Amino acid sequence: MVTSIRMRHAVDDFLDDLARRGKSPNTIRAYRADLADFTHFHTAPPHAITAKTLRGYLAGLDTLAASTRARREASIASFLAWAHKTELIDADPMTRLDRTRIPVPAPRPVPADRVAAVLGAIPKVKDRDRLLFTLLYSTGMRVSEALAIHVDDLDLTVDDEHVTVTGKGGKYRTVLLDDPALVAMLRRYLGTRRYTHGPLFRAEKNHVGGPLRYASVQELWAKYRAAANVNATIHQLRHAHACELVNAGVSLETIRRRLGHANAQTTLRYADQHDATADSEIRAWRRRQSRNLDHR
């Protein structure tokens, strides 16, 4: 049975439901902005939304980038699927439309020497920044995951150091801290700061000590990469770690779990190895084949 409800109220209920399901504030903020734009276009109740309504709205997005159009469509699709499930609408009109498809970009890893140059540009007194960017590079975790780490999430048992992070969708996973240099840096940092609980990475402005913000991390990375004359985004550190694992022969399933990918297809993007690595594997295989023939 369809329930009549104002569009604005329905969107508010949808966003509240997302919050109850543990969606990140950034995700909810993006949905709110996208649906506010759609609500400005469609002021009637949700049950009045038709495929024609959607086509009319989406036609006005032609001047936007494909990625923006795809995000708007995804937000509306999620809302309509929820509205159908909660019986606010009889059917989901989005299922009758072809969605914008954007090609998945190929990984763009940063060469190790360039990462080293950026890390080297960080002053030694900035131990927080050096630890943060080294952690991102050495583990491949997302910036949001690193910023959400609390001291209590760390287990620094010798030879089994690891950290529990909260990934997309509120899913937890354990990330092994297998780089001795990173672990030593982390121990020094905790010893110097004397942190025993609370956020691992904290803001230092005005000595407030609250969690470090994503925008602040972006600004810091921009400053250090500029000092090192390196053109790379923070996310490319994640790509670099994944590609290094692939080129070292680590299984894709292990890489998927380490990076927190829900879909194995996402991890497969990193399987396109460098030609030199692929050539080395073929040569090694050929040598093994030749030795086996010689021993027959």
# chains A, B, ... in the order shown; residues from 1 in each chain; ligands from 1

$ select_by_dssp --residues "range 152-196 of chain A" --states "alpha helix (DSSP H)" --output "list in words"
Pro180, Ala181, Leu182, Val183, Ala184, Met185, Leu186, Arg187, Arg188, Tyr189, Leu190, Gly191, Thr192 and Arg193 of chain A

$ residues_around --residues "range 246-263 of chain A" --least-positions-apart "2" --cutoff "8 Å" --atoms "only C-alpha atoms" --output "MDAnalysis selection string"
chainID A and resid 139:141 167:168 173:175 242:244 265:268 270:271 273:274 277

$ residues_around --residues "range 57-67 of chain A" --least-positions-apart "4" --cutoff "7 Å" --atoms "only C-alpha atoms" --output "PyMOL selection string"
chain A and resi 41+53+71+102

$ atom_distance --atom1 "CA of Leu156 in chain A" --atom2 "CA of Tyr189 in chain A"
12.9 Å

$ residues_around --residues "Thr192 in chain A" --least-positions-apart "3" --cutoff "12 Å" --atoms "only C-alpha atoms" --output "number ranges by chain"
A: 125-128, 185-189, 195-196

$ residues_around --residues "range 78-89 of chain A" --least-positions-apart "3" --cutoff "9 Å" --atoms "only C-alpha atoms" --output "PyMOL selection string"
chain A and resi 1-5+10-11+14-15+31+35+46-49+73-75+92-94

$ write_last_selection --atoms "C-alpha atoms" --output "PDB file, in the first residue's frame"
ATOM      1  CA  MET A   1       0.000   0.000   0.000  1.00  0.00           C
ATOM      2  CA  VAL A   2       1.427   3.346  -1.070  1.00  0.00           C
ATOM      3  CA  THR A   3       1.764   5.951   1.676  1.00  0.00           C
ATOM      4  CA  SER A   4       1.445   9.647   0.801  1.00  0.00           C
ATOM      5  CA  ILE A   5       4.323  11.669   2.231  1.00  0.00           C
ATOM      6  CA  ALA A  10      10.753  11.074   2.705  1.00  0.00           C
ATOM      7  CA  VAL A  11      14.341  12.133   1.986  1.00  0.00           C
ATOM      8  CA  PHE A  14      15.876   7.896   4.079  1.00  0.00           C
ATOM      9  CA  LEU A  15      18.930   9.756   5.384  1.00  0.00           C
ATOM     10  CA  TYR A  31      23.230  11.784  -0.634  1.00  0.00           C
ATOM     11  CA  LEU A  35      18.640  14.501  -3.275  1.00  0.00           C
ATOM     12  CA  PRO A  46       7.555  10.283  -4.087  1.00  0.00           C
ATOM     13  CA  HIS A  47       4.712   8.194  -5.515  1.00  0.00           C
ATOM     14  CA  ALA A  48       4.384  10.737  -8.341  1.00  0.00           C
ATOM     15  CA  ILE A  49       7.909  10.034  -9.593  1.00  0.00           C
ATOM     16  CA  GLU A  73      21.760   8.753 -10.520  1.00  0.00           C
ATOM     17  CA  ALA A  74      23.138   6.426  -7.840  1.00  0.00           C
ATOM     18  CA  SER A  75      21.777   8.648  -5.066  1.00  0.00           C
ATOM     19  CA  ASP A  92      10.894   1.671  -8.799  1.00  0.00           C
ATOM     20  CA  PRO A  93      10.965   3.819 -11.986  1.00  0.00           C
ATOM     21  CA  MET A  94      14.774   3.972 -12.000  1.00  0.00           C
TER      22      MET A  94
END

$ decode --residues "range 163-271 of chain A" --atoms "C-alpha atoms" --output "PDB file, in the first residue's frame"
ATOM      1  CA  VAL A 163      45.589  -2.625  13.573  1.00  0.00           C
ATOM      2  CA  THR A 164      41.819  -2.943  13.299  1.00  0.00           C
ATOM      3  CA  VAL A 165      40.323  -0.444  10.857  1.00  0.00           C
ATOM      4  CA  THR A 166      36.765   0.455   9.934  1.00  0.00           C
ATOM      5  CA  GLY A 167      36.281   0.296   6.185  1.00  0.00           C
ATOM      6  CA  LYS A 168      33.424   1.154   3.864  1.00  0.00           C
ATOM      7  CA  GLY A 169      29.996   0.178   5.114  1.00  0.00           C
ATOM      8  CA  GLY A 170      31.257   0.074   8.687  1.00  0.00           C
ATOM      9  CA  LYS A 171      33.033  -3.232   8.071  1.00  0.00           C
ATOM     10  CA  TYR A 172      35.990  -4.050  10.301  1.00  0.00           C
ATOM     11  CA  ARG A 173      39.171  -5.716   9.140  1.00  0.00           C
ATOM     12  CA  THR A 174      42.585  -6.382  10.583  1.00  0.00           C
ATOM     13  CA  VAL A 175      45.600  -4.962   8.759  1.00  0.00           C
ATOM     14  CA  LEU A 176      48.998  -6.473   9.457  1.00  0.00           C
ATOM     15  CA  LEU A 177      51.744  -3.954  10.212  1.00  0.00           C
ATOM     16  CA  ASP A 178      54.528  -5.934   8.598  1.00  0.00           C
ATOM     17  CA  ASP A 179      57.010  -3.126   7.871  1.00  0.00           C
ATOM     18  CA  PRO A 180      59.607  -2.992  10.705  1.00  0.00           C
ATOM     19  CA  ALA A 181      60.435   0.644   9.922  1.00  0.00           C
ATOM     20  CA  LEU A 182      56.761   1.593  10.181  1.00  0.00           C
ATOM     21  CA  VAL A 183      56.356  -0.273  13.467  1.00  0.00           C
ATOM     22  CA  ALA A 184      59.457   1.404  14.933  1.00  0.00           C
ATOM     23  CA  MET A 185      58.124   4.799  13.828  1.00  0.00           C
ATOM     24  CA  LEU A 186      54.755   4.027  15.409  1.00  0.00           C
ATOM     25  CA  ARG A 187      56.319   2.987  18.719  1.00  0.00           C
ATOM     26  CA  ARG A 188      58.414   6.167  18.863  1.00  0.00           C
ATOM     27  CA  TYR A 189      55.376   8.286  18.041  1.00  0.00           C
ATOM     28  CA  LEU A 190      53.271   6.757  20.812  1.00  0.00           C
ATOM     29  CA  GLY A 191      56.157   7.029  23.251  1.00  0.00           C
ATOM     30  CA  THR A 192      56.757  10.686  22.446  1.00  0.00           C
ATOM     31  CA  ARG A 193      53.095  11.669  22.448  1.00  0.00           C
ATOM     32  CA  ARG A 194      52.213   9.435  25.414  1.00  0.00           C
ATOM     33  CA  TYR A 195      48.897   8.547  23.819  1.00  0.00           C
ATOM     34  CA  THR A 196      47.121   5.708  25.631  1.00  0.00           C
ATOM     35  CA  HIS A 197      43.635   6.158  24.178  1.00  0.00           C
ATOM     36  CA  GLY A 198      41.728   8.360  21.731  1.00  0.00           C
ATOM     37  CA  PRO A 199      42.508   9.163  18.077  1.00  0.00           C
ATOM     38  CA  LEU A 200      45.927   8.147  16.808  1.00  0.00           C
ATOM     39  CA  PHE A 201      46.185  11.162  14.502  1.00  0.00           C
ATOM     40  CA  ARG A 202      45.117  14.407  16.159  1.00  0.00           C
ATOM     41  CA  ALA A 203      44.861  18.031  15.098  1.00  0.00           C
ATOM     42  CA  GLU A 204      47.507  20.293  16.552  1.00  0.00           C
ATOM     43  CA  LYS A 205      45.978  23.698  15.793  1.00  0.00           C
ATOM     44  CA  ASN A 206      45.370  25.668  18.974  1.00  0.00           C
ATOM     45  CA  HIS A 207      46.361  22.523  20.886  1.00  0.00           C
ATOM     46  CA  VAL A 208      42.782  21.258  20.639  1.00  0.00           C
ATOM     47  CA  GLY A 209      43.858  17.675  20.014  1.00  0.00           C
ATOM     48  CA  GLY A 210      40.703  16.578  18.204  1.00  0.00           C
ATOM     49  CA  PRO A 211      40.734  14.077  15.300  1.00  0.00           C
ATOM     50  CA  LEU A 212      42.723  15.208  12.268  1.00  0.00           C
ATOM     51  CA  ARG A 213      40.397  16.196   9.426  1.00  0.00           C
ATOM     52  CA  TYR A 214      40.530  14.809   5.882  1.00  0.00           C
ATOM     53  CA  ALA A 215      40.803  18.321   4.426  1.00  0.00           C
ATOM     54  CA  SER A 216      43.836  18.995   6.608  1.00  0.00           C
ATOM     55  CA  VAL A 217      45.510  15.815   5.365  1.00  0.00           C
ATOM     56  CA  GLN A 218      44.932  16.892   1.769  1.00  0.00           C
ATOM     57  CA  GLU A 219      46.564  20.249   2.484  1.00  0.00           C
ATOM     58  CA  LEU A 220      49.545  18.603   4.164  1.00  0.00           C
ATOM     59  CA  TRP A 221      50.056  16.174   1.279  1.00  0.00           C
ATOM     60  CA  ALA A 222      49.850  19.018  -1.249  1.00  0.00           C
ATOM     61  CA  LYS A 223      52.517  20.937   0.667  1.00  0.00           C
ATOM     62  CA  TYR A 224      54.941  18.026   0.988  1.00  0.00           C
ATOM     63  CA  ARG A 225      54.571  16.750  -2.581  1.00  0.00           C
ATOM     64  CA  ALA A 226      55.105  20.293  -3.862  1.00  0.00           C
ATOM     65  CA  ALA A 227      58.284  20.550  -1.790  1.00  0.00           C
ATOM     66  CA  ALA A 228      59.461  17.274  -3.331  1.00  0.00           C
ATOM     67  CA  ASN A 229      58.319  18.338  -6.830  1.00  0.00           C
ATOM     68  CA  VAL A 230      56.160  15.207  -7.131  1.00  0.00           C
ATOM     69  CA  ASN A 231      52.775  15.234  -8.855  1.00  0.00           C
ATOM     70  CA  ALA A 232      50.664  12.564  -7.151  1.00  0.00           C
ATOM     71  CA  THR A 233      47.460  12.250  -5.133  1.00  0.00           C
ATOM     72  CA  ILE A 234      47.181  10.626  -1.722  1.00  0.00           C
ATOM     73  CA  HIS A 235      45.008   7.867  -3.186  1.00  0.00           C
ATOM     74  CA  GLN A 236      47.859   6.893  -5.480  1.00  0.00           C
ATOM     75  CA  LEU A 237      49.710   5.639  -2.394  1.00  0.00           C
ATOM     76  CA  ARG A 238      47.010   2.968  -2.110  1.00  0.00           C
ATOM     77  CA  HIS A 239      47.461   2.087  -5.776  1.00  0.00           C
ATOM     78  CA  ALA A 240      51.226   1.911  -5.307  1.00  0.00           C
ATOM     79  CA  HIS A 241      50.946  -0.514  -2.403  1.00  0.00           C
ATOM     80  CA  ALA A 242      48.511  -2.756  -4.271  1.00  0.00           C
ATOM     81  CA  CYS A 243      50.655  -2.865  -7.408  1.00  0.00           C
ATOM     82  CA  GLU A 244      53.767  -3.642  -5.382  1.00  0.00           C
ATOM     83  CA  LEU A 245      51.960  -6.612  -3.822  1.00  0.00           C
ATOM     84  CA  VAL A 246      50.796  -7.850  -7.230  1.00  0.00           C
ATOM     85  CA  ASN A 247      54.285  -7.537  -8.678  1.00  0.00           C
ATOM     86  CA  ALA A 248      55.685  -9.421  -5.678  1.00  0.00           C
ATOM     87  CA  GLY A 249      53.406 -12.379  -6.434  1.00  0.00           C
ATOM     88  CA  VAL A 250      50.927 -11.908  -3.579  1.00  0.00           C
ATOM     89  CA  SER A 251      47.567 -13.513  -4.389  1.00  0.00           C
ATOM     90  CA  LEU A 252      44.703 -11.268  -5.458  1.00  0.00           C
ATOM     91  CA  GLU A 253      42.491 -12.628  -2.667  1.00  0.00           C
ATOM     92  CA  THR A 254      45.080 -11.629  -0.060  1.00  0.00           C
ATOM     93  CA  ILE A 255      45.335  -8.177  -1.635  1.00  0.00           C
ATOM     94  CA  ARG A 256      41.538  -7.881  -1.700  1.00  0.00           C
ATOM     95  CA  ARG A 257      41.324  -8.599   2.018  1.00  0.00           C
ATOM     96  CA  ARG A 258      44.190  -6.255   2.862  1.00  0.00           C
ATOM     97  CA  LEU A 259      42.676  -3.350   0.917  1.00  0.00           C
ATOM     98  CA  GLY A 260      39.143  -4.038   2.122  1.00  0.00           C
ATOM     99  CA  HIS A 261      37.599  -4.463  -1.320  1.00  0.00           C
ATOM    100  CA  ALA A 262      34.093  -5.893  -1.168  1.00  0.00           C
ATOM    101  CA  ASN A 263      34.271  -6.943  -4.825  1.00  0.00           C
ATOM    102  CA  ALA A 264      37.138  -8.999  -6.230  1.00  0.00           C
ATOM    103  CA  GLN A 265      36.655  -7.233  -9.586  1.00  0.00           C
ATOM    104  CA  THR A 266      37.991  -4.059  -7.983  1.00  0.00           C
ATOM    105  CA  THR A 267      41.183  -5.851  -7.012  1.00  0.00           C
ATOM    106  CA  LEU A 268      41.578  -7.296 -10.503  1.00  0.00           C
ATOM    107  CA  ARG A 269      42.407  -3.777 -11.743  1.00  0.00           C
ATOM    108  CA  TYR A 270      45.818  -4.190 -10.147  1.00  0.00           C
ATOM    109  CA  ALA A 271      46.534  -7.452 -11.957  1.00  0.00           C
TER     110      ALA A 271
END
